[in-house]
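Chemist: Below is run_2.txt; it holds compact mmCIF, C-alpha atoms.
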# COMPACT_ATOMS: atom_id res chain seq x y z
CA MET A 1 -10.26 12.10 -8.27
CA PRO A 2 -10.84 10.27 -5.08
CA HIS A 3 -8.01 12.02 -3.33
CA GLU A 4 -6.34 15.34 -2.99
CA SER A 5 -4.72 16.69 -6.07
CA VAL A 6 -1.08 17.59 -6.03
CA SER A 7 -1.02 19.40 -9.29
CA LEU A 8 1.76 21.79 -8.70
CA PRO A 9 2.83 25.16 -9.97
CA SER A 10 5.09 24.59 -12.87
CA GLU A 11 6.61 26.49 -15.75
CA ALA A 12 6.24 29.98 -14.45
CA THR A 13 8.54 29.62 -11.50
CA ARG A 14 11.20 27.16 -12.49
CA PRO A 15 12.81 25.46 -10.69
CA GLY A 16 9.18 24.83 -9.90
CA PRO A 17 7.79 24.12 -6.52
CA ASP A 18 10.17 24.14 -3.68
CA PHE A 19 11.03 20.62 -2.61
CA ALA A 20 9.67 21.20 0.89
CA GLU A 21 6.43 22.49 -0.56
CA PHE A 22 6.12 19.51 -2.86
CA ALA A 23 6.94 17.02 -0.13
CA ALA A 24 4.44 18.54 2.30
CA VAL A 25 1.62 18.51 -0.22
CA ALA A 26 2.40 15.14 -1.76
CA TRP A 27 3.25 13.23 1.40
CA PRO A 28 -0.27 12.09 2.42
CA ARG A 29 -1.16 10.90 -1.05
CA LEU A 30 2.17 9.19 -1.54
CA VAL A 31 1.91 7.34 1.76
CA ARG A 32 -1.58 6.16 0.91
CA THR A 33 -0.42 5.03 -2.51
CA ALA A 34 2.58 3.31 -0.98
CA GLN A 35 0.37 1.57 1.52
CA PHE A 36 -1.55 -0.02 -1.32
CA LEU A 37 1.74 -1.02 -2.94
CA THR A 38 3.35 -2.44 0.18
CA GLY A 39 0.36 -3.49 2.25
CA ASP A 40 1.80 -1.98 5.40
CA PHE A 41 1.56 1.56 6.69
CA HIS A 42 5.02 1.69 8.24
CA GLU A 43 6.66 0.20 5.19
CA ALA A 44 4.73 2.72 3.15
CA GLU A 45 6.12 5.63 5.13
CA ASP A 46 9.63 4.25 4.83
CA LEU A 47 9.22 3.68 1.11
CA VAL A 48 8.04 7.24 0.57
CA GLN A 49 10.82 8.66 2.72
CA THR A 50 13.42 6.72 0.76
CA THR A 51 11.90 7.79 -2.52
CA LEU A 52 11.67 11.43 -1.51
CA ALA A 53 15.31 11.36 -0.42
CA LYS A 54 16.30 10.11 -3.85
CA VAL A 55 14.11 12.71 -5.52
CA TYR A 56 15.59 15.42 -3.28
CA HIS A 57 18.98 14.43 -4.58
CA ARG A 58 17.89 15.05 -8.17
CA TRP A 59 15.29 17.73 -7.58
CA ARG A 60 16.83 20.43 -9.75
CA LYS A 61 17.15 18.12 -12.72
CA ILE A 62 13.50 17.15 -12.83
CA PRO A 63 11.41 19.25 -15.22
CA PRO A 64 8.56 20.86 -13.26
CA ASP A 65 5.89 19.34 -15.44
CA GLN A 66 7.30 15.87 -14.89
CA ILE A 67 7.55 15.90 -11.13
CA ASP A 68 4.45 13.82 -10.56
CA LEU A 69 5.46 11.32 -13.24
CA TYR A 70 9.00 11.11 -11.88
CA MET A 71 7.80 10.68 -8.32
CA ARG A 72 5.30 7.98 -9.19
CA ARG A 73 7.84 6.13 -11.29
CA ALA A 74 10.44 6.33 -8.55
CA LEU A 75 7.95 5.13 -5.97
CA ILE A 76 6.88 2.17 -8.08
CA ASN A 77 10.44 1.22 -8.97
CA ASN A 78 11.65 1.57 -5.40
CA ASN A 79 8.86 -0.69 -4.32
CA LEU A 80 9.76 -3.27 -6.95
CA SER A 81 13.38 -3.10 -5.84
CA ARG A 82 12.26 -3.55 -2.26
CA HIS A 83 10.37 -6.68 -3.29
CA ARG A 84 13.42 -8.10 -4.97
CA ARG A 85 15.72 -7.29 -2.07
CA LYS A 86 13.53 -8.99 0.41
CA ARG A 87 13.28 -12.11 -1.70
CA VAL A 88 10.47 -13.36 0.42
CA ILE A 89 6.79 -13.51 -0.04
CA HIS A 90 5.38 -10.47 1.60
CA LEU A 91 2.75 -11.72 3.96
CA LEU A 92 0.37 -8.96 4.56
CA THR A 93 -0.61 -8.38 8.13
CA PRO A 94 -3.49 -6.33 9.34
CA LEU A 95 -1.21 -4.43 11.68
CA LEU A 96 -1.85 -0.83 11.05
CA PRO A 97 -1.21 2.20 13.19
CA ASP A 98 -3.64 2.46 15.98
CA SER A 99 -4.75 5.76 17.23
CA ALA A 100 -7.48 7.42 19.15
CA ARG A 101 -9.04 8.79 16.02
CA HIS A 102 -9.94 5.28 14.96
CA ALA A 103 -11.64 4.36 18.18
CA HIS A 104 -15.19 4.81 17.14
CA PRO A 105 -18.09 2.52 16.42
CA GLY A 106 -17.80 0.87 13.07
CA HIS A 107 -14.05 1.18 12.97
CA ALA A 108 -13.64 -2.59 13.13
CA ASP A 109 -15.64 -2.91 9.93
CA GLU A 110 -13.49 -0.31 8.23
CA VAL A 111 -10.30 -2.03 9.29
CA GLU A 112 -11.68 -5.34 8.15
CA GLN A 113 -12.56 -3.92 4.79
CA ARG A 114 -9.22 -2.26 4.38
CA THR A 115 -7.45 -5.42 5.44
CA ALA A 116 -9.46 -7.44 2.94
CA LEU A 117 -8.52 -5.08 0.14
CA LEU A 118 -4.84 -5.08 1.11
CA ARG A 119 -4.77 -8.86 1.38
CA ALA A 120 -6.40 -9.17 -2.01
CA LEU A 121 -3.87 -6.75 -3.49
CA ALA A 122 -1.07 -8.74 -1.89
CA ASP A 123 -2.05 -11.73 -3.98
CA LEU A 124 -1.38 -9.84 -7.21
CA PRO A 125 2.03 -9.79 -8.89
CA ALA A 126 3.88 -6.58 -8.08
CA ARG A 127 3.46 -4.85 -11.42
CA GLN A 128 -0.14 -5.93 -11.74
CA ARG A 129 -0.74 -4.58 -8.29
CA ALA A 130 0.92 -1.30 -9.26
CA VAL A 131 -1.38 -1.02 -12.28
CA MET A 132 -4.44 -1.56 -10.11
CA VAL A 133 -3.29 1.08 -7.64
CA LEU A 134 -2.44 3.60 -10.30
CA ARG A 135 -5.71 2.95 -12.06
CA TYR A 136 -8.23 2.71 -9.29
CA TRP A 137 -6.60 4.82 -6.61
CA GLU A 138 -4.45 7.33 -8.51
CA ASP A 139 -7.09 7.36 -11.25
CA LEU A 140 -4.55 7.44 -14.07
CA ASN A 141 -5.53 6.45 -17.55
CA GLU A 142 -3.80 3.70 -19.49
CA GLN A 143 -1.41 6.01 -21.28
CA GLU A 144 -0.37 7.66 -18.04
CA ILE A 145 0.17 4.29 -16.37
CA ALA A 146 2.23 3.11 -19.32
CA ASN A 147 4.39 6.22 -18.95
CA VAL A 148 4.90 5.59 -15.26
CA LEU A 149 5.76 1.93 -15.72
CA ASN A 150 7.71 2.40 -18.92
CA CYS A 151 5.68 -0.23 -20.69
CA SER A 152 3.16 -0.45 -23.49
CA ILE A 153 -0.52 0.36 -23.21
CA GLY A 154 -1.21 -3.24 -24.12
CA THR A 155 0.70 -4.42 -21.10
CA VAL A 156 -1.24 -2.02 -18.91
CA LYS A 157 -4.52 -3.30 -20.32
CA THR A 158 -3.51 -6.88 -19.70
CA HIS A 159 -2.49 -6.15 -16.11
CA ALA A 160 -5.67 -4.19 -15.48
CA ARG A 161 -7.91 -6.87 -16.94
CA ARG A 162 -6.25 -9.67 -15.01
CA GLY A 163 -6.04 -7.66 -11.83
CA LEU A 164 -9.69 -6.69 -11.92
CA ARG A 165 -10.68 -10.26 -12.62
CA THR A 166 -8.63 -11.50 -9.68
CA LEU A 167 -9.98 -8.92 -7.28
CA ARG A 168 -13.55 -9.51 -8.36
CA THR A 169 -13.31 -13.14 -7.45
CA HIS A 170 -11.03 -12.86 -4.45
CA PRO A 171 -12.50 -14.74 -1.48
CA LEU A 172 -11.67 -11.95 0.93
CA LEU A 173 -13.69 -9.50 -1.08
CA ASN A 174 -16.69 -11.83 -1.21
CA PRO A 175 -19.56 -11.43 -0.85
CA ASP A 176 -18.47 -8.00 -1.87
CA PRO A 177 -20.37 -6.64 -4.85
CA LEU A 178 -17.11 -6.71 -6.77
CA ALA A 179 -17.65 -10.39 -7.25
CA SER A 180 -21.09 -10.25 -8.63
CA CYS A 181 -21.59 -6.96 -10.29
CA GLY A 182 -20.63 -5.75 -13.71
CA ALA A 183 -20.36 -7.73 -16.84
CA GLN A 184 -17.00 -8.78 -18.16
CA ARG A 185 -15.80 -5.74 -20.04
CA MET B 1 -0.16 18.05 -27.08
CA ILE B 2 -1.64 16.02 -24.33
CA PRO B 3 -2.76 12.68 -25.72
CA GLU B 4 -6.42 12.05 -25.62
CA ARG B 5 -7.45 9.79 -22.80
CA PRO B 6 -7.97 6.24 -24.01
CA GLU B 7 -11.31 4.78 -23.31
CA ARG B 8 -11.68 2.67 -20.21
CA PRO B 9 -14.13 -0.06 -21.08
CA GLU B 10 -14.57 -1.21 -17.54
CA THR B 11 -14.90 2.25 -16.05
CA ASP B 12 -18.62 2.07 -16.39
CA THR B 13 -18.93 -1.26 -14.76
CA GLU B 14 -20.09 -1.53 -11.25
CA ALA B 15 -17.01 -3.55 -10.37
CA ALA B 16 -14.66 -0.75 -11.30
CA ARG B 17 -16.78 1.81 -9.51
CA ARG B 18 -16.90 -0.35 -6.44
CA LEU B 19 -13.18 -0.94 -6.53
CA ARG B 20 -12.50 2.77 -6.65
CA ALA B 21 -14.78 3.24 -3.66
CA LEU B 22 -12.95 0.49 -1.77
CA PHE B 23 -9.62 2.16 -2.44
CA GLU B 24 -10.93 5.49 -1.28
CA GLU B 25 -12.43 4.11 1.91
CA ALA B 26 -9.31 2.15 2.71
CA ALA B 27 -7.05 5.10 1.97
CA TYR B 28 -8.82 7.59 4.17
CA ASP B 29 -9.12 5.19 7.04
CA VAL B 30 -5.52 6.00 7.86
CA THR B 31 -4.18 9.50 8.21
CA PRO B 32 -0.47 9.94 7.65
CA GLY B 33 1.35 12.25 9.97
CA PRO B 34 3.29 15.28 8.79
CA VAL B 35 6.09 14.74 6.34
CA PRO B 36 9.41 14.14 8.14
CA LEU B 37 11.06 16.72 5.97
CA ALA B 38 14.22 17.08 8.02
CA ASP B 39 14.84 13.32 7.84
CA VAL B 40 14.13 13.22 4.14
CA GLU B 41 16.50 16.07 3.38
CA ARG B 42 19.17 14.63 5.64
CA ARG B 43 18.92 11.27 3.88
CA GLY B 44 18.97 13.04 0.53
CA ARG B 45 22.12 14.96 1.43
CA ALA B 46 23.76 11.84 2.83
CA ARG B 47 22.90 10.03 -0.34
CA HIS B 48 24.46 12.82 -2.37
CA ARG B 49 27.65 12.68 -0.32
CA ARG B 50 27.84 8.91 -0.64
CA ARG B 51 27.39 9.09 -4.38
CA ALA B 52 30.01 11.79 -4.74
CA ALA B 53 32.44 9.85 -2.59
CA SER B 54 31.84 6.58 -4.37
CA LEU B 55 32.14 8.34 -7.73
CA THR B 56 35.55 9.71 -6.79
CA ALA B 57 36.80 6.54 -5.21
CA GLY B 58 35.33 4.44 -7.95
CA CYS B 59 36.93 6.14 -10.91
CA ALA B 60 39.60 3.52 -11.21
CA LEU B 61 37.04 0.82 -10.71
CA ALA B 62 34.81 2.31 -13.36
CA ALA B 63 37.70 2.48 -15.74
CA ALA B 64 38.42 -1.12 -14.99
CA ALA B 65 34.80 -1.97 -15.58
CA VAL B 66 34.88 -0.26 -18.94
CA GLY B 67 38.05 -2.06 -19.74
CA ALA B 68 36.51 -5.31 -18.72
CA ALA B 69 33.52 -4.60 -20.89
CA LEU B 70 35.83 -4.05 -23.80
CA LEU B 71 37.71 -7.25 -23.30
CA PRO B 72 37.14 -10.04 -25.75
CA VAL B 73 34.56 -12.48 -24.61
CA LEU B 74 36.29 -15.65 -23.69
CA ASP B 75 33.70 -18.08 -24.84
CA ARG B 76 33.31 -16.55 -28.24
CA PRO B 77 35.21 -17.59 -31.36
CA PRO B 78 38.14 -15.37 -32.26
CA GLU B 79 36.33 -13.72 -35.13
CA HIS B 80 33.78 -12.44 -32.69
CA SER B 81 36.22 -11.27 -30.12
CA ALA B 82 36.06 -7.69 -31.18
CA PRO B 83 35.50 -5.18 -28.41
CA ALA B 84 32.54 -6.06 -26.34
CA THR B 85 29.40 -4.13 -26.84
CA PRO B 86 30.35 -0.51 -27.14
CA PRO B 87 28.45 1.86 -24.92
CA ALA B 88 28.68 4.58 -27.50
CA LEU B 89 26.00 5.46 -29.94
CA THR B 90 26.37 4.48 -33.55
CA ARG B 91 24.11 6.50 -35.68
CA THR B 92 23.21 5.92 -39.27
CA PRO B 93 21.58 8.69 -41.25
CA THR B 94 18.34 7.78 -42.87
CA PRO B 95 18.63 6.98 -46.52
CA ALA B 96 17.63 10.01 -48.48
CA ALA B 97 14.99 9.84 -51.10
CA SER B 98 17.62 10.45 -53.74
CA ALA B 99 19.14 7.83 -55.97
CA SER B 100 22.30 7.77 -53.97
CA PRO B 101 22.94 4.43 -52.37
CA PRO B 102 21.79 4.24 -48.80
CA PRO B 103 24.43 4.26 -46.11
CA SER B 104 25.42 0.80 -45.21
CA THR B 105 23.78 -0.60 -42.15
CA PRO B 106 26.07 -1.72 -39.37
CA PRO B 107 27.22 -5.26 -39.98
CA PRO B 108 25.49 -7.88 -37.89
CA LYS B 109 27.30 -8.36 -34.66
CA PRO B 110 26.52 -11.00 -32.11
CA PRO B 111 25.57 -9.80 -28.68
CA THR B 112 28.27 -9.51 -26.09
CA VAL B 113 28.06 -12.43 -23.69
CA VAL B 114 28.16 -11.40 -20.06
CA LYS B 115 28.05 -13.39 -16.88
CA PRO B 116 25.03 -13.16 -14.63
CA GLY B 117 25.43 -10.07 -12.48
CA GLU B 118 28.37 -8.74 -14.46
CA ARG B 119 28.12 -4.96 -14.53
CA VAL B 120 28.53 -3.30 -17.89
CA THR B 121 29.09 0.43 -18.06
CA ALA B 122 26.28 1.22 -20.45
CA ALA B 123 26.71 4.99 -20.27
CA PRO B 124 28.61 7.35 -18.00
CA GLY B 125 27.51 6.40 -14.53
CA VAL B 126 25.00 3.87 -15.80
CA LYS B 127 25.51 0.20 -15.05
CA LEU B 128 23.56 -2.57 -16.69
CA TRP B 129 23.61 -6.23 -15.84
CA LEU B 130 21.66 -9.38 -16.51
CA THR B 131 20.42 -12.14 -14.33
CA LYS B 132 18.22 -15.06 -15.19
CA GLU B 133 15.31 -12.92 -14.02
CA GLY B 134 15.92 -10.10 -16.46
CA LYS B 135 17.66 -6.81 -17.03
CA HIS B 136 18.88 -4.58 -14.23
CA TRP B 137 20.31 -1.13 -14.53
CA SER B 138 21.28 1.69 -12.24
CA ASP B 139 21.56 5.39 -12.91
CA PRO B 140 24.40 7.65 -11.72
CA THR B 141 22.66 8.08 -8.39
CA GLY B 142 22.69 4.33 -7.88
CA PHE B 143 18.95 4.07 -8.28
CA GLU B 144 18.36 0.53 -9.47
CA GLN B 145 15.63 -0.52 -11.86
CA PHE B 146 14.62 -3.85 -13.25
CA ARG B 147 12.73 -5.32 -16.16
CA SER B 148 11.77 -8.94 -15.80
CA ILE B 149 11.86 -11.59 -18.48
CA ALA B 150 10.26 -14.09 -16.16
CA ASP B 151 7.33 -12.38 -14.50
CA GLY B 152 4.85 -13.66 -17.03
CA ASN B 153 4.44 -10.36 -18.83
CA ILE B 154 6.65 -11.45 -21.68
CA ASP B 155 6.34 -14.53 -23.82
CA PRO B 156 9.98 -15.39 -24.50
CA ALA B 157 8.94 -17.75 -27.27
CA ASP B 158 7.47 -14.97 -29.35
CA PRO B 159 9.94 -12.45 -30.83
CA GLY B 160 9.55 -9.07 -29.27
CA ILE B 161 11.34 -6.10 -27.84
CA SER B 162 10.75 -3.68 -25.00
CA HIS B 163 11.95 -0.16 -24.35
CA GLN B 164 12.65 1.75 -21.17
CA SER B 165 14.30 5.14 -21.05
CA THR B 166 15.49 7.62 -18.51
CA SER B 167 16.78 11.11 -19.07
CA ASP B 168 18.72 13.65 -17.07
CA GLY B 169 17.49 16.45 -19.30
CA GLU B 170 20.48 16.27 -21.60
CA GLN B 171 21.08 12.63 -22.39
CA THR B 172 18.55 9.86 -22.64
CA PHE B 173 19.55 6.34 -21.77
CA HIS B 174 17.49 3.82 -23.68
CA SER B 175 17.47 0.15 -22.92
CA GLY B 176 15.19 -2.82 -23.15
CA LEU B 177 14.81 -6.52 -23.54
CA TYR B 178 14.73 -8.44 -26.77
CA TYR B 179 13.49 -12.00 -26.86
CA GLY B 180 12.10 -14.79 -28.94
CA THR B 181 15.20 -15.30 -31.07
CA LYS B 182 18.64 -16.84 -30.63
CA ASP B 183 19.97 -14.89 -33.58
CA ALA B 184 19.59 -11.30 -32.47
CA ALA B 185 22.15 -9.11 -34.17
CA ARG B 186 21.01 -5.51 -34.18
CA VAL B 187 18.57 -3.20 -32.44
CA GLU B 188 17.83 0.19 -33.86
CA LEU B 189 15.92 3.23 -32.71
CA THR B 190 14.53 5.48 -35.39
CA SER B 191 14.05 9.14 -34.57
CA GLY B 192 11.26 11.35 -35.80
CA THR B 193 13.60 12.74 -38.41
CA GLY B 194 14.59 9.29 -39.56
CA ASP B 195 17.98 9.11 -37.91
CA ARG B 196 18.84 5.74 -36.54
CA ALA B 197 20.70 4.83 -33.39
CA THR B 198 22.18 1.36 -33.17
CA ALA B 199 22.18 -0.18 -29.74
CA ALA B 200 24.66 -2.44 -28.04
CA LEU B 201 23.45 -5.94 -27.17
CA VAL B 202 24.29 -8.16 -24.23
CA GLU B 203 23.23 -11.70 -23.47
CA LEU B 204 23.87 -14.34 -20.86
CA PRO B 205 25.92 -17.37 -21.91
CA GLY B 206 24.30 -20.26 -23.72
CA LYS B 207 22.07 -18.35 -26.10
CA PRO B 208 19.08 -18.10 -23.81
CA GLY B 209 16.94 -16.58 -26.55
CA TRP B 210 16.76 -13.16 -24.93
CA GLY B 211 19.04 -10.34 -23.96
CA ALA B 212 19.20 -6.62 -23.38
CA TRP B 213 20.01 -3.67 -25.58
CA TYR B 214 21.08 -0.15 -24.70
CA VAL B 215 22.08 3.09 -26.29
CA THR B 216 22.37 6.72 -25.24
CA THR B 217 21.09 9.63 -27.28
CA SER B 218 20.93 13.34 -26.79
CA VAL B 219 17.50 14.60 -25.80
CA ASP B 220 17.40 16.98 -28.73
CA GLU B 221 17.94 14.23 -31.28
CA GLY B 222 14.30 13.22 -31.39
CA PHE B 223 14.61 9.69 -30.07
CA SER B 224 12.07 10.15 -27.31
CA GLY B 225 9.44 7.48 -27.76
CA ALA B 226 11.19 6.29 -30.91
CA PRO B 227 10.22 2.99 -32.50
CA VAL B 228 12.64 0.16 -31.82
CA THR B 229 13.42 -2.61 -34.27
CA LEU B 230 15.16 -5.93 -33.73
CA TYR B 231 17.04 -7.61 -36.58
CA ASP B 232 18.57 -11.05 -36.73
CA THR B 233 21.91 -12.14 -38.13
CA THR B 234 20.51 -12.30 -41.65
CA GLY B 235 19.33 -8.73 -41.45
CA LYS B 236 15.73 -9.77 -41.21
CA ARG B 237 13.48 -7.65 -39.04
CA VAL B 238 12.12 -9.99 -36.41
CA ALA B 239 10.35 -7.61 -34.04
CA GLU B 240 9.35 -4.00 -33.81
CA LEU B 241 8.04 -1.84 -31.01
CA ARG B 242 6.03 1.01 -32.36
CA GLY B 243 6.93 4.46 -31.14
CA MET B 244 4.94 6.56 -28.74
CA PRO B 245 2.91 9.45 -30.15
CA ARG B 246 5.08 12.51 -30.30
CA ARG B 247 4.12 15.67 -28.55
Would it be possible to restate this file's structure as structure tokens?

Modeler:
Amino acid sequence: MPHESVSLPSEATRPGPDFAEFAAVAWPRLVRTAQFLTGDFHEAEDLVQTTLAKVYHRWRKIPPDQIDLYMRRALINNNLSRHRRKRVIHLLTPLLPDSARHAHPGHADEVEQRTALLRALADLPARQRAVMVLRYWEDLNEQEIANVLNCSIGTVKTHARRGLRTLRTHPLLNPDPLASCGAQR
Amino acid sequence: MIPERPERPETDTEAARRLRALFEEAAYDVTPGPVPLADVERRGRARHRRRAASLTAGCALAAAAVGAALLPVLDRPPEHSAPATPPALTRTPTPAASASPPPSTPPPKPPTVVKPGERVTAAPGVKLWLTKEGKHWSDPTGFEQFRSIADGNIDPADPGISHQSTSDGEQTFHSGLYYGTKDAARVELTSGTGDRATAALVELPGKPGWGAWYVTTSVDEGFSGAPVTLYDTTGKRVAELRGMPRR
């Protein structure tokens, strides 16, 4: 896994992890995931806050072993709802939180790379984008993604194939190796 | 049993590896601050209060909505003006292997026609409505979800059916889209023990060739991941969604 795990204590101590414990552990990962979904750090934080508030409301009804699934599903669905409410094309901007910790040589390259990835993701349809994030950031397999999105594995495969193809050829990721490496499936 | 991980054909490709690396680099370039737990819990409690208040104040409205859902559909011929799609579950036992005649299947019933945006009480606290974009539904907390008919993931010309479900641990609300036919008449879920649950159908006016179905089952009835079948007015099976592997 490319990121911290939030596998949580489960059956033994139902009602499972305390909400505060879960939120504290999951928050960084969720914000990063949400950033890939929304393209904006501040929107990501707001999306995760909103989602956590909804999950807080139903915390005791969520089976401990389904917390991660429930949270991911809620995050994805909240993001899709956000897209629909806005009813505008979300134009990704490279505006990201600035801080002293980023002020080091090479940071511009990192920001540029991150911006390129986020812009490329922004060109994908929302559900296709979600599949790419769940697959290549959350590292879920097809079955797990299908469970999160409430769709078939075939749909996940289609999204993943199209999304990968789009990202590989996206101008902003060129001359990134994504464009030239790897044979088609 | 945890299902075996499907193979990922592209995992081994350099493109997939590189994409994972890009995600990782981009993710860790930004460090989120601490979780604003107090704000989250405050918003969660406020949400709970709002829901409770709206539930109380909305009882009459909900009753009216149910009543409205049960009203005859104005643009339907009189013979079809039976109560609009019932939210309740109709279950048909599986025909036994004996020689006894199988229980009759529910008679074909045209979908209830609803206006775009018209809320139907699909289950206690659950609203479902259609727009030209697809099926929307909200759970008792007001959490809205959406399944699109127009996002390119579905070919409306080819008969098919989809299935989404949510559960509160006691009841499972199943719903989905059906499409590719103007003659949809029945959608059934089949449990692991062979029981069948017949869903209610709703469509927009003008026979658009797609609509939504919904039904509620108890979690202990074995309908989790059940196969879903779409029948037309002649009783012909026009589409089937295979069930998920059972644990």

Chemist: Counting all atoms listed in the file, what is within 8 Å of A:Val133, bar same-chain residues fewer than 4 positions away, as a list in words?

Modeler: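 After dropping sequence-adjacent residues, the list is Thr33, Phe36, Leu37, Arg129, Trp137 and Glu138 of chain A.
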
Chemist: Let me make sure I understand: among A:Val25, A:Arg135, A:Gln128, A:Leu69, which one has the smallest atom-to-atom distance to A:Thr158 if we use only C-alpha atoms?

Modeler: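 Among the listed residues, the smallest separation from A:Thr158 belongs to A:Gln128.
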
Chemist: Just checking: using all atoms listed in the file, which residue out of B:Pro36, B:Arg49, B:Glu14, B:Ile161 ends up closest to A:Ala24?

Modeler: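 Of all the options, B:Pro36 lies closest to A:Ala24.
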
Chemist: From the list A:Val148, A:Ala53, A:Leu167, A:Ala116, which residue is nearest chain B when using only C-alpha atoms?

Modeler: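 Checking each of A:Val148, A:Ala53, A:Leu167, A:Ala116 against chain B, counting only C-alpha atoms, the winner is A:Ala53.
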
Chemist: When you look at stretch 213-216 of chain B with a cut-off of 9 Å (counting all atoms listed in the file), what residues show up, excluding the ones that are within fewer than 5 positions of it in the same chain? I need them as number ranges by chain.

Modeler: B: 87-90, 111, 122-123, 128, 163, 171-178, 186-187, 189, 197-203

Chemist: Quick check, in Å to one decimal: how far apart do atom CA of B:Lys127 and atom CA of B:Gly235 lie?

Modeler: 28.5 Å

Chemist: Go ahead and fit an axis-aligned box to every listed atom of stretch 114-119 of chain A plus 3 Å each side, and pass me the centre and edge lengths in Å, one decimal, as JSON.

Modeler:
{"center_x": -7.1, "center_y": -5.6, "center_z": 2.8, "size_x": 10.7, "size_y": 12.6, "size_z": 11.3}

Chemist: From the list A:Phe41, A:Trp59, A:Phe22, A:Tyr136, which residue is nearest chain B when using only C-alpha atoms?

Modeler: A:Tyr136

Chemist: Determine the nearest neighbour of chain B from the options A:Glu142, A:Asp65, A:Asp46, A:Asp123, counting only C-alpha atoms.

Modeler: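 Between A:Glu142, A:Asp65, A:Asp46, A:Asp123, the residue approaching chain B most closely is A:Glu142.
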
Chemist: Using only C-alpha atoms, which of the listed residues (B:Arg242, B:Lys135, B:Arg18, B:Lys115) sits closest to chain A?

Modeler: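 Of B:Arg242, B:Lys135, B:Arg18, B:Lys115, the one nearest chain A, counting only C-alpha atoms, is B:Arg18.
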
Chemist: Got a sec: who's within 10 Å of A:Arg73, counting all atoms listed in the file, leaving out chain neighbours fewer than 6 positions off, as a PyMOL selection string?

Modeler: chain A and resi 51+67+79+145+147-150

Chemist: Just give me the gap between atom CA of B:Gly125 and atom CA of B:Gly142 in Å, one decimal is fine.

Modeler: 8.5 Å

Chemist: Between atom CA of B:Trp137 and atom CA of A:Lys61, what is the spacing in Å?

Modeler: 19.6 Å

Chemist: Quick one: everything within 8 Å of B:Thr233, counting all atoms listed in the file, minus sequence neighbours fewer than 3 positions away in the same chain. Send it as a ChimeraX atom specification.

Modeler: /B:108-110,183-186,236

Chemist: Residues proximal to (-0.9, 3.7, -17.5) were defined as those with any atom within 10 Å of that point in the file's coordinates, counting all atoms listed in the file. Which are they, as a list in words?

Modeler: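 Those within range, by chain then number, are Ala130, Val131, Met132, Leu134, Arg135, Asp139, Leu140, Asn141, Glu142, Gln143, Glu144, Ile145, Ala146, Asn147, Val148, Leu149, Asn150, Cys151, Ser152, Ile153, Gly154, Thr155, Val156, Lys157 and Ala160 of chain A; Pro6 of chain B.
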
Chemist: Give me, as a list in words, all polymer residues having an atom no more than 10 Å from B:Leu19, counting all atoms listed in the file and skipping those fewer than 3 positions away in the same chain.

Modeler: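 My reading of the contact set: Leu117, Met132, Tyr136, Trp137, Leu164, Leu167, Arg168, Asp176, Pro177 and Leu178 of chain A; Glu14, Ala15, Ala16, Leu22, Phe23, Glu24 and Glu25 of chain B.
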